Structures are given as structure tokens and as C-alpha cells.
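Right, one structure below, let's go through it.
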Amino acid sequence: MLQFSKNISRVAVFTIMGIHSVLLGWQACCHSPTWNEVDHLVAGLSHWEFGTFDLFRVNPPLVRMLATGPVLAFKPKVDWSSYNAQAGIRSERGIRHSFIKLNRKRVLYFLTLGRCACIPFSLLGAYICLRWARELYGPTSGVLAIGLWCFSPNILAHGHLITPDLGAAALGVSAAYMFWRWSKRPTWWTAFWAGAVLGLTELTKTTLIIFFFLWPILWLAWRILKQRNLCLRAWLLESGQLAVILIIAVYVLNLGYGFEGTFQQLGDYEFVSQTLGGCTNDSSSSAQGQNKFVGTRLARIPIPLPKNFVMGIDIQKSDFERKMWSCLCREHRLGGWWYYYLYALVVKVPLGTWCLVLSAIGVAISYKICRAAWRDEIILLGIITSTIIFVSSQDGFNRHLRYVLPIFPFAFIWISKVGLIFKLRHTTPTRPAAAIAMLVVVSFAFMISSSLWAYPHSLSYFNEISGGPIRGHNHLGGVETDSNIDWGQDLLYLKDWLARHGAIALDGLAYCGSYPATMAGIPETPYPPPSPPSENSISEGEYAIDHHGLGPRPGWHAVSVNNLYHRNRQFHYFRHFEPVAMAGYSIYIYHITLEEANLVRQDLGLPMLKPEDINVGTIK
């Protein structure tokens, strides 16, 4: 890597963004629907058809509306008979089942089209990383920042999905960039655009509501660190512009919801969380809805936010209050860990990126030229810190690193300061500067190669020190809807593997996903649900039920990673066998002989199988 001129920088940027678009486009075509993508699809269609936002209200509608816009032209069939707008009801899940039955394989085409419509979000995020890093640290840092974004396995993992996480990251950094530009040069025009982009950001993910509280704090910190006394008139002018930013953001947020339920009085809501509704954690209370503010003075307060935006926050709060099962390092817990996301970052961020983090810290301490003004960097560091603290404080369950995806662009921009070491190397060459420059080059190349090594299975990426994607289950996973390794994305890869081995038919399929295997052309061979084990039948609490009874049986089997390590232990016995192949990194394929099955059954204290006891249909 060298100090980039403007022309070299322009060529590098277009090349990187072109490669990024191709990488995302290919993943959009080759991955099966993840756990809740079809839910987002039907919810987006409902927004266009009815102009209401009841479905999937736990997240705002912007991303899924843009994703489903092109799908409308193909007139998908939807049965809305199970549509239910009652508080606490997630009726998009029932509509999903009928939607898949009605449209069958067309669902994959709709999904691919919607995914491709979401790729511009990632290109926007890449551009803002480039622009902000270049303005802070120079053209070399701009190229480094956009490279970190475009080749990050976590960005590639979500940049092609119909989910709000990548859109939130891209628009979140866009809103912060506009806010930073307003802070540097406060005018009414920059205030208007800062407010408009902030409003669009709030239409992507409810987690980013913290920006409403963070902007005033960052503005005060900026003014204090600027070390320049402002007259009263200037303070009033800037505080007035800040108020305009927030007001415009609220207006855009309401506009995105069509002002549905805006200014509804607090006492008229039906809440399902204990915090707002005073509800207990039982299902009947959650479905019915309550309101702890009824009969108080606060009940008459009009809420200047869309009704379903408020109810979405309430439902998410309820989910965390009720607690769900989480898994970390194969330990299952009802609830979560405060350090879960920090640990997930350690194992799912490439080692090359972590080396660049250490390099950025080192050059910032050692070389004054490699530092931006504190008031510039406090916005980057403040958003990273506050987001991690906010998300980590919600420890009702931990399943998704994607919840902290909005911090990634800010980290990439801050890391890109190491690009200044190349300027230092040319102006005042020293051995330490040359060594750090070489470390930056190697780390950047290592990050890219590590990410592309796992591609197109970026969702299952784990770095080398954690054992890579094959060993990722030792750290995260083991819960049905966990998106860190197994989110249902590799069903089409299983189909391709079976097509290449045409003489093989599965005797059992335990797939962790919401899209039926039959729709992908794979015959359905499910395992029955688990039941409590007999005290005398199985040692160490491991048990499983197949078509014929307990324990392993001969044949070909495909089992998702999350099922292998699920707390119900239904498929734990497969861990006694070595898989013969994998579909992606999330579905293990086993071929078990009668002798191998009996050896494991003997260890588990199960009766031996005889050839006449089984009917293995492994060969067509």
C-alpha cells in the first residue's frame, strides 16, 4: 500500500465497490431464506397493500418496503386471513407459512429480487466510510476504510439480506456524518439535512432511537472540546438548530409511517411489556395488553411518534424481560451475558482487523500526525461506546452479533487513521514507521484473504484464533434462531450436494430454518420432536428420537449446527460421528453404517440394532 493520489484513489474505490457489489449479488442468489426474511417480505407487502405497519412492528418498515417494492410488479399471492393487529401478536409468522404454500418456488425469486434491492444500502455505507475517513485522515485512509467495509465478513453476511441490520449501519453512519458536518459548520441548511437523514435512520431499526439522546450529548462535548467561548447568541443559535435537527427527524419518522397513530395519548396504548404495561410474563397477559399509565396524569400526554413504532419498542422490551435461551461457549442460559457482544466481536471479527485496531492505537499514541482532533473522533468513539453499552444492557437474551452491526462503520473510519503512517513514512522516514506501514499492509491483506476464504458463507465466519467457521459452534450458536453461524442460509447448498451425489437419499434431515426443505427440492424426512429421556436408557442426559426410536441409526443424515448443540439434546448423539461433508458451514452431512451406529448405541446404553430391524433407504 502506498500514499494514494486522487486518481489512484478513485480507481481503487470504484474497483473495491464493484467487487463488493458482485460479492453481495452472488450471495443474494445462492443462499436460502434466513430465519425471518420471508416474515420481512410479507410484512413489507402488507405495508404497500394496506398502508398499515402492524406486521413485524418490532422493526421500522423502511428496509423491507424498499426490498418489496420491486416484488409488487410480480403480483405475489398472499393470504391475509390470519392478519392480526392485536398487541403482542406476531401474525407475520402465520402469514409466512401460507405465503410459501401459495407461491412455492417463486418465493426464492421474490427473495433474490428483494435482496438485490437492498444492496444499495451497503454501497451507501461504503461511500460514507470513504468520505468521512478521507476528510479526517486523507485519501489513503479513505481507501482503507472502504476496504474494511467492503471486505468485512460481517458486512458481507448481512449486506444482501432483507433484514434491517445493514440498512441501520449504513444510514446510522450517514446520519452521524451529517451531524458531524453540522457540528463543524452549523448552518440551517446542514441542520435540515442532518435531521432528514436522522429521520431515515430511525426508520431502519428501533435500537437507533438512542441517537435522539446521543446527539445533544455529543454536541455539548464538541463545544466543550473546541475550547472556544461562544457568546450567548451563538449558543442559542446552535441549540435552536439542534432542536430543528431533532424535530425534522421526528417528522421524517412519522412521515415514513404515514403518521399512523401519531400523537395518540399514552393512556390509549396497549402494552405487553412489564416496563410500560405492568404485564406479567405469562402469555395471556402479553397477548391481551395492559397499560400502567391508565388513570394517571401521564395518560393524557400525546406521544409524537407513530403508534407502531412505540409498540415495536414495547414488544422488544417484553422479549428481553421474559428472557429467552442463549448460548455462549456451549453453555445455555435463560437470559444472557453482559459481555456476550464483546466476546462475539473477538471471535467473529478478522484477526487482520484486530491488528489494524492495535496499529491505530499505537500510531495515535506515538505520532501526533496520526491523530485527528478529539472533538472529531469523539463522535466516532462516543457512538461505538454508547451502542455497545446500550445493547449489552439488554441481557434478556443473546443470539445475534448483528445487533451491534451499526458500530462497524464507525470503527472502520477510526481504524483508517493508520493510513497516515504512509504519509509519515514519506515525509520523515523512520524504521518504526516503515515497520508499522508493513504491518498495516500485511494486516489489511490478511483481513481480506481471511474473509474471502470463508466467502460466500460469510454469515458463518469465525476468525482463525477461534478455529474458523468449522469450530464456530464452540463459541456461539446452539439456539434455534441464532444468526451467528446457522440461520437457515445453506439449504440450497445441501440441495446442490445431493444433486451432485444422485445415488444418495437422506434418511433424516434436521434443518434449522423457516423455509421448507421440500420447496428447495429436498424430500422431507423430519425427525419427531424430542421427549424426556428415560433414566435407564441414556447416559449423561443425551437422547434423541428418530423415525424408529431412540439413538443413532444407519443411513444418510443432514443436521444443522444449531440442532447439534441445542439444549434439548435431541441430536447430540451425532457428535459421536465425523461428518462426511458439509453444506456450507451450517449443515453437517453424516453417513452412518450399522456397525458405527451400534458402537455408539452401546456407549449410550441403547439396544443393538440388527439388519432385519432397519430399512435403510440410502441408495435409490
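Labels for the C-alpha cells follow display order: chains A, B, ..., residues from 1 in each chain, ligands from 1.
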Find the residues around A:Phe408 up to 12 Å (only C-alpha atoms counted), leave out those fewer than 2 positions away in its own chain, and share them as a short mmCIF file (atom, residue, chain, number, x, y, z; two decimals) with all heavy atoms, in the first residue's frame.
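Listed below is the output, part01.cif:
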data_model
loop_
_atom_site.label_atom_id
_atom_site.label_comp_id
_atom_site.auth_asym_id
_atom_site.auth_seq_id
_atom_site.Cartn_x
_atom_site.Cartn_y
_atom_site.Cartn_z
N GLY A 125 -23.21 2.79 2.74
CA GLY A 125 -22.33 2.70 3.90
C GLY A 125 -20.86 2.76 3.51
O GLY A 125 -20.05 3.42 4.17
N ALA A 126 -20.52 2.09 2.40
CA ALA A 126 -19.13 2.12 1.92
C ALA A 126 -18.72 3.54 1.53
O ALA A 126 -17.62 4.00 1.86
CB ALA A 126 -18.98 1.18 0.72
N CYS A 129 -18.16 5.73 4.65
CA CYS A 129 -16.87 5.39 5.28
C CYS A 129 -15.73 6.03 4.52
O CYS A 129 -14.80 6.60 5.12
CB CYS A 129 -16.70 3.87 5.31
SG CYS A 129 -17.71 3.01 6.53
N ALA A 145 -10.63 2.59 4.72
CA ALA A 145 -11.95 2.49 5.37
C ALA A 145 -12.95 1.78 4.47
O ALA A 145 -13.70 0.91 4.93
CB ALA A 145 -12.46 3.88 5.74
N ILE A 146 -12.96 2.12 3.19
CA ILE A 146 -13.93 1.48 2.29
C ILE A 146 -13.56 0.02 2.09
O ILE A 146 -14.44 -0.85 1.92
CB ILE A 146 -14.02 2.24 0.95
CG1 ILE A 146 -15.28 1.81 0.19
CG2 ILE A 146 -12.79 2.02 0.09
CD1 ILE A 146 -15.52 2.60 -1.08
N LEU A 148 -12.17 -1.91 4.41
CA LEU A 148 -12.61 -2.60 5.62
C LEU A 148 -14.10 -2.89 5.58
O LEU A 148 -14.55 -3.96 6.00
CB LEU A 148 -12.26 -1.75 6.86
CG LEU A 148 -10.79 -1.71 7.25
CD1 LEU A 148 -10.56 -0.61 8.29
CD2 LEU A 148 -10.34 -3.05 7.82
N TRP A 149 -14.87 -1.93 5.08
CA TRP A 149 -16.31 -2.14 4.96
C TRP A 149 -16.63 -3.22 3.92
O TRP A 149 -17.36 -4.17 4.18
CB TRP A 149 -17.01 -0.84 4.59
CG TRP A 149 -18.47 -0.99 4.27
CD1 TRP A 149 -19.01 -1.43 3.10
CD2 TRP A 149 -19.59 -0.74 5.13
NE1 TRP A 149 -20.38 -1.44 3.16
CE2 TRP A 149 -20.77 -1.04 4.39
CE3 TRP A 149 -19.71 -0.28 6.44
CZ2 TRP A 149 -22.04 -0.88 4.94
CZ3 TRP A 149 -20.99 -0.13 6.97
CH2 TRP A 149 -22.13 -0.42 6.24
N CYS A 150 -16.09 -3.07 2.72
CA CYS A 150 -16.49 -3.91 1.59
C CYS A 150 -16.03 -5.35 1.72
O CYS A 150 -16.65 -6.25 1.12
CB CYS A 150 -15.97 -3.31 0.29
SG CYS A 150 -16.82 -1.79 -0.20
N SER A 152 -15.34 -6.80 4.87
CA SER A 152 -15.66 -7.33 6.20
C SER A 152 -16.64 -8.50 6.08
O SER A 152 -17.69 -8.37 5.43
CB SER A 152 -16.29 -6.25 7.08
OG SER A 152 -16.89 -6.82 8.24
N PRO A 153 -16.35 -9.65 6.67
CA PRO A 153 -17.28 -10.78 6.56
C PRO A 153 -18.63 -10.49 7.19
O PRO A 153 -19.66 -11.01 6.74
CB PRO A 153 -16.56 -11.91 7.30
CG PRO A 153 -15.58 -11.24 8.18
CD PRO A 153 -15.17 -9.99 7.48
N ASN A 154 -18.67 -9.65 8.21
CA ASN A 154 -19.93 -9.33 8.86
C ASN A 154 -20.78 -8.39 8.03
O ASN A 154 -22.02 -8.47 8.06
CB ASN A 154 -19.65 -8.72 10.24
CG ASN A 154 -18.99 -9.70 11.18
OD1 ASN A 154 -19.60 -10.65 11.64
ND2 ASN A 154 -17.71 -9.49 11.45
N ILE A 155 -20.15 -7.51 7.27
CA ILE A 155 -20.89 -6.67 6.32
C ILE A 155 -21.38 -7.51 5.15
O ILE A 155 -22.54 -7.41 4.73
CB ILE A 155 -20.01 -5.51 5.83
CG1 ILE A 155 -19.59 -4.62 7.01
CG2 ILE A 155 -20.75 -4.70 4.78
CD1 ILE A 155 -20.72 -3.96 7.75
N ASP A 165 -30.56 -4.76 9.65
CA ASP A 165 -29.30 -4.51 10.35
C ASP A 165 -28.29 -3.75 9.50
O ASP A 165 -27.67 -2.79 9.98
CB ASP A 165 -28.71 -5.84 10.81
CG ASP A 165 -29.70 -6.64 11.64
OD1 ASP A 165 -29.92 -6.28 12.80
OD2 ASP A 165 -30.28 -7.61 11.12
N LEU A 166 -28.09 -4.17 8.26
CA LEU A 166 -27.12 -3.47 7.41
C LEU A 166 -27.63 -2.09 7.02
O LEU A 166 -26.86 -1.13 7.00
CB LEU A 166 -26.83 -4.33 6.17
CG LEU A 166 -25.58 -4.01 5.33
CD1 LEU A 166 -25.76 -2.79 4.45
CD2 LEU A 166 -24.36 -3.83 6.23
N ALA A 168 -29.50 -0.25 8.85
CA ALA A 168 -29.31 0.57 10.04
C ALA A 168 -27.86 1.03 10.16
O ALA A 168 -27.58 2.17 10.52
CB ALA A 168 -29.73 -0.20 11.28
N ALA A 169 -26.91 0.13 9.86
CA ALA A 169 -25.49 0.50 9.93
C ALA A 169 -25.16 1.58 8.91
O ALA A 169 -24.45 2.55 9.21
CB ALA A 169 -24.63 -0.74 9.73
N ALA A 170 -25.67 1.41 7.68
CA ALA A 170 -25.35 2.36 6.60
C ALA A 170 -25.98 3.73 6.85
O ALA A 170 -25.31 4.77 6.74
CB ALA A 170 -25.82 1.80 5.26
N GLY A 172 -27.12 4.76 9.74
CA GLY A 172 -26.64 5.26 11.02
C GLY A 172 -25.36 6.06 10.85
O GLY A 172 -25.22 7.16 11.41
N VAL A 173 -24.41 5.54 10.08
CA VAL A 173 -23.16 6.28 9.87
C VAL A 173 -23.42 7.50 8.98
O VAL A 173 -22.74 8.54 9.13
CB VAL A 173 -22.08 5.36 9.26
CG1 VAL A 173 -22.38 5.00 7.81
CG2 VAL A 173 -20.70 5.99 9.41
N LEU A 345 -17.52 -10.19 19.16
CA LEU A 345 -16.64 -9.38 18.32
C LEU A 345 -15.23 -9.97 18.26
O LEU A 345 -14.59 -9.97 17.21
CB LEU A 345 -16.57 -7.94 18.85
CG LEU A 345 -17.84 -7.09 18.65
CD1 LEU A 345 -17.73 -5.80 19.45
CD2 LEU A 345 -18.04 -6.77 17.17
N VAL A 349 -14.71 -11.08 14.31
CA VAL A 349 -14.02 -10.04 13.55
C VAL A 349 -12.66 -10.58 13.13
O VAL A 349 -11.95 -11.17 13.94
CB VAL A 349 -13.87 -8.76 14.39
CG1 VAL A 349 -12.94 -7.76 13.70
CG2 VAL A 349 -15.24 -8.11 14.63
N THR A 353 -8.22 -7.34 11.07
CA THR A 353 -8.88 -6.12 11.54
C THR A 353 -8.43 -5.78 12.95
O THR A 353 -8.18 -4.61 13.28
CB THR A 353 -10.41 -6.28 11.49
OG1 THR A 353 -10.80 -6.64 10.16
CG2 THR A 353 -11.10 -4.98 11.89
N LEU A 380 -17.14 9.46 16.70
CA LEU A 380 -16.94 8.06 16.35
C LEU A 380 -16.90 7.19 17.59
O LEU A 380 -17.63 6.19 17.71
CB LEU A 380 -15.63 7.90 15.57
CG LEU A 380 -15.52 8.66 14.24
CD1 LEU A 380 -14.10 8.52 13.70
CD2 LEU A 380 -16.52 8.13 13.24
N LEU A 381 -16.06 7.55 18.55
CA LEU A 381 -15.87 6.72 19.74
C LEU A 381 -17.10 6.76 20.64
O LEU A 381 -17.44 5.76 21.28
CB LEU A 381 -14.63 7.19 20.51
CG LEU A 381 -13.31 7.07 19.73
CD1 LEU A 381 -12.16 7.67 20.55
CD2 LEU A 381 -13.01 5.62 19.40
N ILE A 383 -20.29 7.06 19.75
CA ILE A 383 -21.35 6.21 19.21
C ILE A 383 -21.01 4.74 19.40
O ILE A 383 -21.87 3.92 19.76
CB ILE A 383 -21.58 6.53 17.72
CG1 ILE A 383 -22.15 7.95 17.59
CG2 ILE A 383 -22.52 5.52 17.08
CD1 ILE A 383 -22.29 8.43 16.16
N ILE A 384 -19.74 4.36 19.17
CA ILE A 384 -19.33 2.97 19.38
C ILE A 384 -19.58 2.56 20.83
O ILE A 384 -20.19 1.51 21.11
CB ILE A 384 -17.84 2.79 19.02
CG1 ILE A 384 -17.63 2.96 17.52
CG2 ILE A 384 -17.34 1.42 19.47
CD1 ILE A 384 -16.16 3.00 17.12
N THR A 385 -19.11 3.37 21.76
CA THR A 385 -19.22 3.03 23.17
C THR A 385 -20.66 2.97 23.64
O THR A 385 -21.09 2.02 24.30
CB THR A 385 -18.44 4.05 24.02
OG1 THR A 385 -17.07 4.08 23.57
CG2 THR A 385 -18.46 3.66 25.49
N THR A 387 -23.43 2.56 21.92
CA THR A 387 -24.20 1.48 21.30
C THR A 387 -23.91 0.15 21.97
O THR A 387 -24.82 -0.64 22.27
CB THR A 387 -23.92 1.39 19.80
OG1 THR A 387 -24.23 2.65 19.18
CG2 THR A 387 -24.74 0.29 19.14
N ILE A 388 -22.63 -0.14 22.22
CA ILE A 388 -22.27 -1.40 22.87
C ILE A 388 -22.85 -1.45 24.28
O ILE A 388 -23.39 -2.48 24.71
CB ILE A 388 -20.74 -1.56 22.91
CG1 ILE A 388 -20.21 -1.84 21.50
CG2 ILE A 388 -20.34 -2.70 23.84
CD1 ILE A 388 -18.72 -2.00 21.42
N LEU A 401 -24.88 -11.21 16.83
CA LEU A 401 -23.87 -10.16 16.73
C LEU A 401 -24.40 -8.98 15.91
O LEU A 401 -23.98 -7.84 16.10
CB LEU A 401 -22.59 -10.72 16.11
CG LEU A 401 -21.47 -9.70 15.84
CD1 LEU A 401 -20.93 -9.14 17.15
CD2 LEU A 401 -20.36 -10.30 15.01
N ARG A 402 -25.34 -9.26 15.02
CA ARG A 402 -25.86 -8.22 14.14
C ARG A 402 -26.49 -7.06 14.93
O ARG A 402 -26.65 -5.96 14.37
CB ARG A 402 -26.89 -8.81 13.18
CG ARG A 402 -28.09 -9.46 13.84
CD ARG A 402 -28.94 -10.24 12.82
NE ARG A 402 -30.02 -10.95 13.46
CZ ARG A 402 -31.24 -10.44 13.68
NH1 ARG A 402 -31.50 -9.21 13.30
NH2 ARG A 402 -32.18 -11.16 14.25
N TYR A 403 -26.82 -7.27 16.19
CA TYR A 403 -27.37 -6.18 16.99
C TYR A 403 -26.36 -5.04 17.17
O TYR A 403 -26.77 -3.90 17.43
CB TYR A 403 -27.81 -6.69 18.36
CG TYR A 403 -29.11 -7.47 18.34
CD1 TYR A 403 -29.55 -8.16 19.47
CD2 TYR A 403 -29.90 -7.54 17.20
CE1 TYR A 403 -30.74 -8.88 19.47
CE2 TYR A 403 -31.08 -8.25 17.19
CZ TYR A 403 -31.50 -8.92 18.33
OH TYR A 403 -32.67 -9.64 18.32
N VAL A 404 -25.06 -5.34 17.09
CA VAL A 404 -24.06 -4.29 17.21
C VAL A 404 -23.44 -3.95 15.85
O VAL A 404 -22.42 -3.26 15.79
CB VAL A 404 -22.95 -4.67 18.22
CG1 VAL A 404 -23.51 -4.77 19.62
CG2 VAL A 404 -22.25 -5.96 17.82
N LEU A 405 -24.04 -4.42 14.76
CA LEU A 405 -23.52 -4.10 13.43
C LEU A 405 -23.42 -2.60 13.18
O LEU A 405 -22.51 -2.16 12.46
CB LEU A 405 -24.39 -4.77 12.37
CG LEU A 405 -23.75 -4.93 10.98
CD1 LEU A 405 -22.59 -5.91 11.03
CD2 LEU A 405 -24.79 -5.40 9.96
N PRO A 406 -24.31 -1.75 13.74
CA PRO A 406 -24.18 -0.31 13.50
C PRO A 406 -22.88 0.31 13.98
O PRO A 406 -22.54 1.42 13.53
CB PRO A 406 -25.38 0.28 14.27
CG PRO A 406 -26.41 -0.80 14.22
CD PRO A 406 -25.62 -2.07 14.36
N PHE A 410 -18.26 3.03 12.12
CA PHE A 410 -17.53 3.99 12.94
C PHE A 410 -16.16 3.44 13.34
O PHE A 410 -15.17 4.18 13.37
CB PHE A 410 -18.34 4.32 14.19
CG PHE A 410 -19.70 4.90 13.88
CD1 PHE A 410 -20.84 4.12 13.93
CD2 PHE A 410 -19.84 6.23 13.51
CE1 PHE A 410 -22.09 4.64 13.62
CE2 PHE A 410 -21.08 6.76 13.21
CZ PHE A 410 -22.20 5.97 13.26
N ALA A 411 -16.11 2.14 13.61
CA ALA A 411 -14.83 1.52 13.92
C ALA A 411 -13.91 1.53 12.70
O ALA A 411 -12.71 1.81 12.81
CB ALA A 411 -15.06 0.09 14.40
N PHE A 412 -14.46 1.25 11.52
CA PHE A 412 -13.64 1.24 10.31
C PHE A 412 -13.05 2.62 10.04
O PHE A 412 -11.88 2.75 9.65
CB PHE A 412 -14.47 0.79 9.11
CG PHE A 412 -14.96 -0.62 9.19
CD1 PHE A 412 -16.12 -1.03 8.54
CD2 PHE A 412 -14.27 -1.58 9.92
CE1 PHE A 412 -16.57 -2.33 8.60
CE2 PHE A 412 -14.71 -2.90 9.99
CZ PHE A 412 -15.87 -3.27 9.33
N ILE A 413 -13.85 3.66 10.23
CA ILE A 413 -13.36 5.02 9.99
C ILE A 413 -12.26 5.37 10.98
O ILE A 413 -11.22 5.91 10.60
CB ILE A 413 -14.53 6.03 10.09
CG1 ILE A 413 -15.53 5.78 8.96
CG2 ILE A 413 -14.02 7.46 10.04
CD1 ILE A 413 -16.86 6.47 9.16
N TRP A 414 -12.46 5.03 12.25
CA TRP A 414 -11.45 5.34 13.25
C TRP A 414 -10.17 4.55 13.00
O TRP A 414 -9.06 5.07 13.12
CB TRP A 414 -12.00 5.04 14.64
CG TRP A 414 -11.06 5.48 15.73
CD1 TRP A 414 -10.95 6.72 16.28
CD2 TRP A 414 -10.10 4.66 16.39
NE1 TRP A 414 -9.97 6.73 17.23
CE2 TRP A 414 -9.43 5.49 17.34
CE3 TRP A 414 -9.72 3.32 16.30
CZ2 TRP A 414 -8.42 5.01 18.17
CZ3 TRP A 414 -8.72 2.85 17.13
CH2 TRP A 414 -8.09 3.68 18.05
N ILE A 415 -10.30 3.28 12.63
CA ILE A 415 -9.13 2.44 12.34
C ILE A 415 -8.33 3.00 11.17
O ILE A 415 -7.10 2.90 11.13
CB ILE A 415 -9.58 0.99 12.03
CG1 ILE A 415 -10.13 0.32 13.28
CG2 ILE A 415 -8.42 0.17 11.47
CD1 ILE A 415 -10.82 -1.01 12.99
#
Residues near stretch 100-105 of chain A, cut-off 8 Å, only C-alpha atoms, skip fewer than 3 positions along chain, as a ChimeraX atom specification:
/A:76-78,96-97,108-109,515,519-520
Within 10 Å of A:Thr34 using only C-alpha atoms, minus same-chain residues under 5 positions, as a ChimeraX atom specification
/A:39,161-163,481,483,486-491,512-515
Using only C-alpha atoms, the best pick from A:Tyr341, A:Leu236, A:Arg181, A:Val363 as closest to A:Ser393 would be A:Tyr341
Tell me, which residues of stretch 141-339 of chain A carry DSSP helix (DSSP H, G or I), written as a PyMOL selection string?
chain A and resi 141-151+153-158+164-184+188-202+206-226+232-256+266-268+274-277+283-288+297-300+307-322
Using only C-alpha atoms, determine which residues lie at most 8 Å from stretch 296-306 of chain A, disregarding the query and same-chain residues fewer than 4 positions distant; provide the list as a ChimeraX atom specification.
/A:250,253-254,257,259-268,310
Just give me the gap between atom CA of A:Gly51 and atom CA of A:Met311 in Å, one decimal is fine.
16.9 Å
Find the residues of stretch 93-121 of chain A that sit at most 12 Å from stretch 10-22 of chain A; for each, write down the nearest two atoms and how far apart they are in Å, to one decimal. Count only C-alpha atoms. Sort by chain, then by number going up, and give it as CSV.
residue,atom,partner,partner_atom,distance
A:Arg115,CA,A:Ser21,CA,11.8
A:Cys116,CA,A:Ser21,CA,9.4
A:Ala117,CA,A:Ser21,CA,11.5
A:Cys118,CA,A:Ser21,CA,10.9
A:Ile119,CA,A:Ser21,CA,7.2
A:Pro120,CA,A:Ser21,CA,8.6
A:Phe121,CA,A:Ser21,CA,10.8
Write a file of the just-selected residues containing N, CA and C atoms, as a PDB file, in the first residue's frame.
ATOM      1  N   ARG A 115     -33.535  -8.958  -2.079  1.00  0.00           N
ATOM      2  CA  ARG A 115     -32.158  -8.849  -1.579  1.00  0.00           C
ATOM      3  C   ARG A 115     -31.338  -7.901  -2.446  1.00  0.00           C
ATOM      4  N   CYS A 116     -31.458  -8.036  -3.756  1.00  0.00           N
ATOM      5  CA  CYS A 116     -30.699  -7.166  -4.653  1.00  0.00           C
ATOM      6  C   CYS A 116     -31.101  -5.704  -4.468  1.00  0.00           C
ATOM      7  N   ALA A 117     -32.373  -5.473  -4.143  1.00  0.00           N
ATOM      8  CA  ALA A 117     -32.833  -4.104  -3.912  1.00  0.00           C
ATOM      9  C   ALA A 117     -32.224  -3.506  -2.652  1.00  0.00           C
ATOM     10  N   CYS A 118     -31.708  -4.353  -1.763  1.00  0.00           N
ATOM     11  CA  CYS A 118     -31.110  -3.870  -0.513  1.00  0.00           C
ATOM     12  C   CYS A 118     -29.618  -3.604  -0.632  1.00  0.00           C
ATOM     13  N   ILE A 119     -28.986  -4.045  -1.724  1.00  0.00           N
ATOM     14  CA  ILE A 119     -27.543  -3.864  -1.883  1.00  0.00           C
ATOM     15  C   ILE A 119     -27.132  -2.385  -1.874  1.00  0.00           C
ATOM     16  N   PRO A 120     -27.926  -1.452  -2.434  1.00  0.00           N
ATOM     17  CA  PRO A 120     -27.524  -0.035  -2.360  1.00  0.00           C
ATOM     18  C   PRO A 120     -27.296   0.476  -0.940  1.00  0.00           C
ATOM     19  N   PHE A 121     -27.951  -0.113   0.057  1.00  0.00           N
ATOM     20  CA  PHE A 121     -27.661   0.292   1.438  1.00  0.00           C
ATOM     21  C   PHE A 121     -26.182   0.078   1.755  1.00  0.00           C
TER      22      PHE A 121
END
Given only C-alpha atoms as the counted atoms, nearest of A:Trp188, A:Phe397, A:Trp80, A:Phe320 to A:Gly335
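For A:Gly335, the nearest of the given residues is A:Phe397.
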